[in-house]
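Heads up, the thing below is written out as structure tokens.
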Amino acid sequence: MKIRLLLLFLLFGIFTLFHNEVSGQNCGTTGGFSISAAQGCAPLTISVQNEVAGAENISYAFNFDRSKGSPDAGDITQDSSYVYTTPGTYTILQFGSANGTGFSQCQDIEVLETRAPKANLIKCPDGKAQLSITNDSISKSYDFIEVNWGDGSKETVTLTGSDNLVLNHTYNGGNIPDIIVSGRYNSGQCQQSSVSTTFTGPFVPQPLTEVGIRTVEMLASGEAKIIYDGMEGVPTEILMDSGNGQFAPTGKTSQSAGSHSVTIGNLNPAQIYRFRLSSTDICGNTIESPIVSSMLLKEGDFSLDEIISVSWEHLTFSGSVLQYQLVRNGTVVFVTSDQLSYLDTDVKCGIDYEYVIVAVVSDDVRSYSAPVRLQPKTVAPEVIGTASVTVKDEKTISTQVELTGEGLTSTYDLIVERALLGSTDFQQVSPLDNQSLQFEDSGVNTNESSYCYRFIYENACNVRGPDYSSPVCSIFLENSTSTISWNGNSPFTQGISSYDLVQTDATTGNVLDEIPKQLETSHALDLEAQSAFSFQVKANSASGNLVSYSNVLNFSQNAILLIPDAFTPNGDAYNERFEVKAYFVTDFSMSVFNRWGEVIFHSKNAAEGWDGNTSGGKAPAGYYLYKIDLTDAAGKEVRKEGSFLLIR
């Protein structure tokens with residue numbers, strides 16, 4: 001054995017050595033051999049005879065692939081005979097050497113099919129028979145198929161296309177003899193060696209397992225698209241249950257094999273239907289396929305902002321529902337085996353979404369609902385009930401709102417409007433699509449005016465609240481000579497519980513005192529004790545959790561003079577003297593003159609006033625002049641002149 005393998009290896013090396021001399025992918029013309037039979041019936045035994053003179057090292061490849069450059073080592077042999085068991089066309093390659101020169105030659109051989117054609121037979125008690133010949137490579141190898149029905153009649157047929165060939169035959173008396181199916185060649189070859197199929201035995205009912213609905217799809221147009229599989233020669237009709245539990249014919253029929261697509265119109269896409277197939281086999285038996293229900297998808301009852309609620313339903317299927325697939329805009333977004341509703345939160349207001357529910361039933365049957373287009377629903381936002389304003393600095397007011405209730409979406413526009421205190425001319429001051437609950441208004445002068453604000457919420461679905469919030473106003477703090485006062489308009493939608501007057505050091509900003517004012521809107525200054533301070537009003541909300549501040553009022557040591565414009569020294573103990581009140585003054589000097597410019601009273605004590613008398617007695621009624629010279633707390637000299645009236 002080792003010697004033979006070595007010899008084969010050497011031969012193959014020689015063949016390779018002469019490869020350049022071999023043309024046509026090693027099928028050259030320099031060799032020569034004869035074949036015992038160039039055509040024959042499988043299994044075919046052939047022998048080859050070398051015809052090259054002086055040939056040495058002759059080898060053969062009995063199943064050579066012309067598309068390859070050389071045969072596989074395992075296909076090379078020095079045997080001169082070979083048995084072909086399978087039909088087909090084969091190439092025999094011969095190669096060797098003669099007189100030191102390599103040679104090769106190819107010849108083809110055809111092996112004819114002899115296997116029996118495949119077929120299926122259905123027998124009926126009434127004598128009907130249906131023969132289905134399988135359209136495969138075996139049957140197509142023959143020139144024709146011969147059927148011997150066994151009752152003296154024969155039939156020859158030729159297979160074309162790809163479908164199986166169905167033949168029907170009726171026997172008298174209902175007795176069906178053996179049926180023989182044979183493959184034949186026009187030349188009569190292989191007649192003796194061909195194998196036939198003989199059908200015998202009891203009656204066999206026709207299996208209709210291939211008949212069944214694959215998909216049911218409801219369309220928005222009110223049509224149902226049904227795709228089902230039929231069988232050749234089996235009449236099949238679609239039946240439909242419109243909701244009364246009874247299946248009725250639709251007139252949609254077929255009797256061919258393969259997939260069929262049928263559309264049934266004039267349906268209500270908001271109604272559920274059931275479908276099944278009714279088929280009649282060759283024996284007249286009616287067989288009904290499993291039931292497939294249509295799917296109904298609708299908007300769910302749940303309603304919340306920027307959420308789409310969907311639910312679905314169907315009637316009974318013959319098979320088990322394995323899962324439901326919810327498809328949104330062509331993509332599956334939810335899969336479940338038992339739920340019949342879904343809340344889709346991955347949606348935005350103002351956008352349409354198309355949904356379809358798919359039921360996946362056993363045996364890979366699918367039912368599709370009609371598409372439903374939905375937009376996220378919303379309710380009107382509530383009136384903003386919690387808002388506040390506070391003065392941040394002399395050019396800025398900060399507003400703050402809290403949002404509660406329904407109608408709130410992921411994006412929104414919080415609209416802020418402003419008007420001067422006492423005006424109803426509100427103008428929007430917030431930017432478009434404002435999504436900040438805290439807004440700073442820099443278009444104000446808090447040392448001159450109070451401003452009122454109102455708010456309204458518009459959600460992503462372009463739905464606004466039913467009304468604006470109650471106006472809330474900044475606190476404007478101002479002072480007269482001896483009184484600090486502020487407006488009583490609330491800086492909160494919920495009202496005020498109390499005010500506090502915060503006193504700070506004008507230089508350091510440190511809080512020196514916080515004076516409770518309850519609901520008062522003014523504060524009397526103690527000018528004798530006050531010096532340089534800053535004041536600010538703090539308002540506390542009714543809920544106790546909000547605070548609003550006014551503008552800052554700076555109170556300095558500038559001299560303050562309170563000079564009456566008249567007095568009545570008539571003995572009634574009221575307004576008896578011409579008294580000047582002086583605050584934040586270090587040096588003080590006051591002179592009073594009559595109409596001729598004569599000094600009739602002089603004092604360096606601001607607490608000492610003129611009683612209306614002169615050295616000559618009571619001064620007459622009329623106008624008098626005064627001149628006051630003083631130095632304020634900062635060391636600045638100030639002169640004040642004017643007149644007043646003495647009334648008798």
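Lettering and numbering for the structure tokens are positional, with chains as A, B, ... in the shown order, residues counted from 1 in each chain, and ligands counted from 1 in the shown order.
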
Which residues are near Ser643 of chain A? Cut-off 12 Å, only C-alpha atoms, ignore same chain within fewer than 5 positions. Put them as a VMD selection string. chain A and resid 563 to 567 578 591 to 595 622 to 628

Report as a PyMOL selection string all protein, DNA and RNA residues lying within 6 Å of segment 205-214 of chain A, evaluated on only C-alpha atoms, omitting residues in the same chain fewer than 4 positions from it. chain A and resi 122+227-230+289+365

Any chance you could list, as a PyMOL selection string, the residues in segment 1-164 of chain A that come up alpha helix (DSSP H) when DSSP is run on the backbone? chain A and resi 2-17+137-141

Once DSSP has gone over the backbone, tell me which residues of segment 287-526 of chain A are in strand (DSSP E), as a PyMOL selection string. chain A and resi 287-288+292-293+295-299+308-314+321-328+331-336+341-344+353-361+365-368+372-374+386-393+396-402+412-420+427-428+438-441+451-459+472-473+477-479+483-486+496-505+511-518+522-524

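Picture a line from atom CA of Asp65 of chain A to atom CA of Thr91 of chain A; it runs 7.1 Å.
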
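In terms of minimum interatomic distance to Asn551 of chain A, A:Gln536 ranks closest within A:Gln536, A:Gln191, A:Thr286, A:Gln375, counting only C-alpha atoms.
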
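Proximity to Cys349 of chain A was assessed for A:Asn510, A:Ser141, A:Asn462, A:Gln503 counting only C-alpha atoms; the smallest distance is recorded for A:Asn462.
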
For Ile180 of chain A, please output as a list in words all residues within 8 Å (counting only C-alpha atoms; exclusion window: fewer than 6 positions along the same chain). Val147, Asn148, Trp149, Gly150, Ser196, Thr197, Thr198 and Phe199 of chain A

For segment 388-394 of chain A, work out the shell of residues within 7 Å, counting only C-alpha atoms and skipping chain neighbours fewer than 3 positions away, then give it as a VMD selection string. chain A and resid 397 to 401 445 to 447 472 to 474 491 to 493 548 to 551
